Structures are given as C-alpha cells and as structure tokens.
Amino acid sequence: MIHHCVRFTIKPGTAPHQLEEALASLRHQGEVIPSVRSFLVGRDHGGAYEWGATFQLDDLDGYREYLMHPAHRRTDEIGLPLVDKFVSFDLTDDTDPEVGRQIAALHQRRFDADPDLTRLVSELSAYTGSAAPGPHGA
C-alpha cells in the first residue's frame with residue numbers, strides 16, 4: 001500500500017470560491033480515479049501548512065494511473081496557481097529498497113511529458129517532493 005500525501009498553503013488573496021473549486025477537484029480525484037482505494041481532503045493541523053490530502057493506492061501501477069489520470073491533471077491546472085508552498089511525500093509498507101526511486105521515476109516521467117505542469121510546479125514559492133522540477137530540484 002502507498003499513501004500519497006500532499007500539504008499546501010494558499011496564496012494570500014485567493015478567493016474562497018477558487019479554493020473551494022480546487023478542494024472539490026482534489027475530492028473528485030479520489031472519487032473517479034479507479035486505483036484510489038480511499039482518500040481524505042481537509043484542513044492540515046499541527047504544522048506549517050493549511051490544507052492537505054492523502055490518497056491510498058495499492059501499488060506502483062495504481063500510482064502511475066493516479067498520476068496520469070485527467071482528473072489529477074485538472075486539479076493541477078486549477079489548484080497549483082493558487083498554491084504558495086507545497087510538499088508531496090509518500091508512505092509505504094513496501095519493503096523493497098527501490099520503491100522510493102521508482103516513485104520518483106514516475107513523477108519524473110510525468111514532468112518530462114508535461115512542460116506546462118513543470119512550469120506550474122516551478123512557479124510555486126516552495127515545493128518539496130519526488131523529482132522536484134525547476135528551481136526546486138536538488
């Protein structure tokens with residue numbers, strides 16, 4: 001099982017209806033992407049972020065489906081322009097020492113195939129996550 005988690009803050013001045021549209025799109029991902037087993041979208045408490053989401057996926061094949069699904073891309077398109085700081089991370093019970101590298105490779109293929117997505121992520125003030133593009137890369 002892989003738990004894909006994101007935490008984020010919203011840019012000052014974001015209209016409430018814009019935020020709600022982005023949160024609704026995150027929820028929609030959980031509802032329509034077949035590989036998502038369960039999900040939660042809501043307030044982030046106890047840290048430096050305001051909002052978060054987690055999506056549970058069975059395996060790397062499901063993760064790839066999740067990343068490449070049009071509903072996920074739609075959330076990126078409407079949500080990322082509103083985001084100030086963003087972190088993406090994964091928790092897994094898979095004991096294969098290569099799983100982290102494999103997850104990063106899935107993200108890298110996605111960024112390589114989608115220059116507009118790479119631009120959206122590169123324009124965030126802060127981004128931490130697998131295969132971080134642009135100025136956020138290691």
# chains A, B, ... in the order shown; residues from 1 in each chain; ligands from 1
$ residues_around --residues "A:Tyr63" --least-positions-apart "5" --cutoff "10 Å" --atoms "only C-alpha atoms" --output "PyMOL selection string"
chain A and resi 1-4+35-36+55-58+68-69+103+106-107
$ select_by_dssp --residues "chain A" --states "helix (DSSP H, G or I)" --output "ChimeraX atom specification"
/A:16-32,60-68,70-82,99-113,115-122,134-136
$ residues_around --residues "A:Glu31" --least-positions-apart "4" --cutoff "12 Å" --atoms "only C-alpha atoms" --output "list in words"
Ala24, Ser25, Leu26, Arg27, Ser35, Val36, Arg37, Ser38, Phe39, Leu40, Val41, Phe55, Gln56, Tyr66, Ala71 and His72 of chain A
$ residues_around --residues "stretch 116-123 of chain A" --least-positions-apart "6" --cutoff "7 Å" --atoms "only C-alpha atoms" --output "compact mmCIF listing (two decimals) with all heavy atoms, in the first residue's frame"
# COMPACT_ATOMS: atom_id res chain seq x y z
N LEU A 80 -2.80 24.47 -8.63
CA LEU A 80 -1.43 24.94 -8.44
C LEU A 80 -1.26 26.46 -8.56
O LEU A 80 -0.46 27.04 -7.83
CB LEU A 80 -0.48 24.21 -9.40
CG LEU A 80 -0.18 22.75 -9.02
CD1 LEU A 80 0.64 22.08 -10.11
CD2 LEU A 80 0.50 22.65 -7.67
N PRO A 81 -2.00 27.15 -9.45
CA PRO A 81 -1.84 28.61 -9.49
C PRO A 81 -2.26 29.31 -8.18
O PRO A 81 -1.89 30.46 -7.95
CB PRO A 81 -2.75 29.04 -10.64
CG PRO A 81 -2.79 27.84 -11.53
CD PRO A 81 -2.80 26.67 -10.58
N PRO A 133 10.86 19.66 -10.01
CA PRO A 133 11.39 20.31 -11.21
C PRO A 133 11.87 21.73 -10.97
O PRO A 133 11.60 22.32 -9.92
CB PRO A 133 10.18 20.32 -12.14
CG PRO A 133 9.03 20.50 -11.21
CD PRO A 133 9.40 19.71 -9.97
N GLY A 134 12.56 22.26 -11.95
CA GLY A 134 12.94 23.66 -11.97
C GLY A 134 13.78 24.06 -10.77
O GLY A 134 14.65 23.31 -10.34
N PRO A 135 13.47 25.21 -10.20
CA PRO A 135 14.30 25.74 -9.11
C PRO A 135 14.18 24.91 -7.82
O PRO A 135 14.97 25.09 -6.90
CB PRO A 135 13.74 27.15 -8.89
CG PRO A 135 12.33 27.08 -9.37
CD PRO A 135 12.37 26.09 -10.52
N HIS A 136 13.22 24.00 -7.76
CA HIS A 136 13.01 23.21 -6.55
C HIS A 136 13.79 21.89 -6.57
O HIS A 136 13.82 21.17 -5.59
CB HIS A 136 11.52 22.92 -6.36
CG HIS A 136 10.69 24.15 -6.42
ND1 HIS A 136 10.82 25.19 -5.55
CD2 HIS A 136 9.71 24.51 -7.29
CE1 HIS A 136 9.96 26.15 -5.85
NE2 HIS A 136 9.28 25.77 -6.91
$ select_by_dssp --residues "chain A" --states "strand (DSSP E or B)" --output "ChimeraX atom specification"
/A:2-10,36-43,51-57,83-92,126-128
$ write_last_selection --atoms "C-alpha atoms" --output "compact mmCIF listing (two decimals), in the first residue's frame"
# COMPACT_ATOMS: atom_id res chain seq x y z
CA ILE A 2 1.21 3.51 -0.83
CA HIS A 3 -0.17 6.57 0.91
CA HIS A 4 0.45 9.58 -1.34
CA CYS A 5 0.21 12.75 0.77
CA VAL A 6 0.26 16.45 -0.07
CA ARG A 7 0.30 19.50 2.19
CA PHE A 8 -0.03 23.08 1.00
CA THR A 9 -0.70 26.73 1.80
CA ILE A 10 -2.72 29.04 -0.39
CA VAL A 36 -7.59 5.22 -5.37
CA ARG A 37 -8.71 2.92 -2.54
CA SER A 38 -9.53 5.71 -0.10
CA PHE A 39 -8.80 9.40 0.29
CA LEU A 40 -9.12 12.37 2.60
CA VAL A 41 -9.01 16.08 1.75
CA GLY A 42 -9.12 18.65 4.53
CA ARG A 43 -7.50 21.11 6.90
CA TRP A 51 -4.57 22.10 3.73
CA GLY A 52 -3.74 18.53 2.87
CA ALA A 53 -4.85 15.39 1.10
CA THR A 54 -3.95 11.74 1.14
CA PHE A 55 -4.70 9.07 -1.45
CA GLN A 56 -4.24 5.36 -0.78
CA LEU A 57 -3.04 3.26 -3.71
CA VAL A 83 -0.71 27.44 -4.06
CA ASP A 84 2.14 29.19 -2.28
CA LYS A 85 4.01 26.34 -0.54
CA PHE A 86 3.57 22.65 -1.37
CA VAL A 87 5.03 19.39 -0.15
CA SER A 88 4.37 15.93 -1.60
CA PHE A 89 5.50 12.71 0.09
CA ASP A 90 4.71 9.02 0.19
CA LEU A 91 4.44 6.45 2.94
CA THR A 92 4.52 2.76 2.08
CA ALA A 126 8.30 26.38 -2.34
CA TYR A 127 7.95 22.78 -3.46
CA THR A 128 9.35 19.63 -1.91
$ atom_distance --atom1 "atom CA of A:Glu98" --atom2 "atom CA of A:Ala131"
14.8 Å
$ atom_distance --atom1 "atom CA of A:Arg101" --atom2 "atom CA of A:Ala132"
13.0 Å
$ decode --residues "stretch 41-57 of chain A" --atoms "all heavy atoms" --output "tab-separated table (two decimals), in the first residue's frame"
chain	number	residue	atom	x	y	z
A	41	VAL	N	-9.40	14.71	2.10
A	41	VAL	CA	-9.01	16.08	1.75
A	41	VAL	C	-9.52	16.96	2.87
A	41	VAL	O	-10.70	16.89	3.23
A	41	VAL	CB	-9.63	16.53	0.40
A	41	VAL	CG1	-9.30	17.98	0.11
A	41	VAL	CG2	-9.16	15.62	-0.73
A	42	GLY	N	-8.64	17.79	3.46
A	42	GLY	CA	-9.12	18.65	4.53
A	42	GLY	C	-8.05	19.56	5.08
A	42	GLY	O	-6.96	19.69	4.54
A	43	ARG	N	-8.41	20.19	6.19
A	43	ARG	CA	-7.50	21.11	6.90
A	43	ARG	C	-6.30	20.35	7.44
A	43	ARG	O	-6.42	19.23	7.88
A	43	ARG	CB	-8.23	21.77	8.06
A	43	ARG	CG	-9.12	22.89	7.66
A	43	ARG	CD	-8.29	24.09	7.41
A	43	ARG	NE	-9.11	25.28	7.26
A	43	ARG	CZ	-8.59	26.44	6.99
A	43	ARG	NH1	-7.30	26.59	6.88
A	43	ARG	NH2	-9.36	27.48	6.84
A	44	ASP	N	-5.16	21.01	7.42
A	44	ASP	CA	-3.92	20.48	7.97
A	44	ASP	C	-3.69	21.16	9.31
A	44	ASP	O	-3.63	22.39	9.38
A	44	ASP	CB	-2.77	20.78	6.99
A	44	ASP	CG	-1.46	20.14	7.38
A	44	ASP	OD1	-1.13	20.12	8.58
A	44	ASP	OD2	-0.75	19.67	6.47
A	45	HIS	N	-3.59	20.37	10.37
A	45	HIS	CA	-3.38	20.91	11.72
A	45	HIS	C	-2.03	20.43	12.25
A	45	HIS	O	-1.64	19.30	12.02
A	45	HIS	CB	-4.50	20.44	12.66
A	45	HIS	CG	-5.85	20.90	12.23
A	45	HIS	ND1	-6.31	22.17	12.46
A	45	HIS	CD2	-6.83	20.26	11.56
A	45	HIS	CE1	-7.52	22.29	11.96
A	45	HIS	NE2	-7.86	21.14	11.40
A	46	GLY	N	-1.36	21.29	12.96
A	46	GLY	CA	-0.13	20.89	13.63
A	46	GLY	C	1.13	21.09	12.81
A	46	GLY	O	2.14	20.45	13.07
A	47	GLY	N	1.09	21.97	11.86
A	47	GLY	CA	2.28	22.21	11.05
A	47	GLY	C	2.22	23.55	10.37
A	47	GLY	O	1.42	24.41	10.72
A	48	ALA	N	3.07	23.71	9.37
A	48	ALA	CA	3.21	24.98	8.66
A	48	ALA	C	2.30	25.07	7.44
A	48	ALA	O	2.43	26.00	6.66
A	48	ALA	CB	4.67	25.17	8.24
A	49	TYR	N	1.40	24.11	7.27
A	49	TYR	CA	0.54	24.09	6.10
A	49	TYR	C	-0.92	24.25	6.51
A	49	TYR	O	-1.30	23.99	7.63
A	49	TYR	CB	0.74	22.78	5.32
A	49	TYR	CG	2.16	22.67	4.80
A	49	TYR	CD1	3.14	22.05	5.55
A	49	TYR	CD2	2.52	23.23	3.58
A	49	TYR	CE1	4.46	21.98	5.10
A	49	TYR	CE2	3.81	23.17	3.12
A	49	TYR	CZ	4.78	22.55	3.89
A	49	TYR	OH	6.07	22.49	3.43
A	50	GLU	N	-1.76	24.67	5.55
A	50	GLU	CA	-3.17	24.94	5.83
A	50	GLU	C	-4.09	23.80	5.40
A	50	GLU	O	-5.14	23.59	6.00
A	50	GLU	CB	-3.61	26.20	5.08
A	50	GLU	CG	-2.81	27.43	5.46
A	50	GLU	CD	-3.04	28.58	4.49
A	50	GLU	OE1	-3.05	28.37	3.26
A	50	GLU	OE2	-3.20	29.71	4.98
A	51	TRP	N	-3.72	23.11	4.33
A	51	TRP	CA	-4.57	22.10	3.73
A	51	TRP	C	-3.76	20.86	3.40
A	51	TRP	O	-2.54	20.94	3.25
A	51	TRP	CB	-5.23	22.63	2.44
A	51	TRP	CG	-6.11	23.80	2.70
A	51	TRP	CD1	-5.77	25.12	2.61
A	51	TRP	CD2	-7.45	23.76	3.15
A	51	TRP	NE1	-6.84	25.90	2.97
A	51	TRP	CE2	-7.89	25.09	3.31
A	51	TRP	CE3	-8.35	22.73	3.43
A	51	TRP	CZ2	-9.17	25.42	3.73
A	51	TRP	CZ3	-9.63	23.06	3.85
A	51	TRP	CH2	-10.03	24.38	4.00
A	52	GLY	N	-4.44	19.75	3.24
A	52	GLY	CA	-3.74	18.53	2.87
A	52	GLY	C	-4.69	17.51	2.25
A	52	GLY	O	-5.91	17.65	2.31
A	53	ALA	N	-4.08	16.49	1.67
A	53	ALA	CA	-4.85	15.39	1.10
A	53	ALA	C	-3.98	14.14	1.13
A	53	ALA	O	-2.76	14.22	1.08
A	53	ALA	CB	-5.27	15.70	-0.34
A	54	THR	N	-4.64	13.01	1.22
A	54	THR	CA	-3.95	11.74	1.14
A	54	THR	C	-4.77	10.78	0.29
A	54	THR	O	-6.00	10.79	0.37
A	54	THR	CB	-3.64	11.16	2.54
A	54	THR	OG1	-2.93	9.94	2.40
A	54	THR	CG2	-4.88	10.93	3.36
A	55	PHE	N	-4.07	10.03	-0.54
A	55	PHE	CA	-4.70	9.07	-1.45
A	55	PHE	C	-4.02	7.73	-1.26
A	55	PHE	O	-2.78	7.65	-1.35
A	55	PHE	CB	-4.56	9.54	-2.91
A	55	PHE	CG	-5.23	10.86	-3.16
A	55	PHE	CD1	-4.54	12.04	-2.97
A	55	PHE	CD2	-6.55	10.91	-3.56
A	55	PHE	CE1	-5.17	13.26	-3.18
A	55	PHE	CE2	-7.18	12.13	-3.78
A	55	PHE	CZ	-6.49	13.31	-3.58
A	56	GLN	N	-4.79	6.69	-0.98
A	56	GLN	CA	-4.24	5.36	-0.78
A	56	GLN	C	-4.33	4.56	-2.08
A	56	GLN	O	-5.40	4.45	-2.68
A	56	GLN	CB	-4.97	4.61	0.34
A	56	GLN	CG	-4.64	5.15	1.72
A	56	GLN	CD	-5.26	6.53	1.98
A	56	GLN	OE1	-6.43	6.74	1.72
A	56	GLN	NE2	-4.47	7.45	2.48
A	57	LEU	N	-3.18	4.00	-2.46
A	57	LEU	CA	-3.04	3.26	-3.71
A	57	LEU	C	-2.42	1.91	-3.40
A	57	LEU	O	-1.57	1.81	-2.51
A	57	LEU	CB	-2.14	4.05	-4.67
A	57	LEU	CG	-2.53	5.52	-4.85
A	57	LEU	CD1	-1.36	6.37	-5.25
A	57	LEU	CD2	-3.66	5.63	-5.85
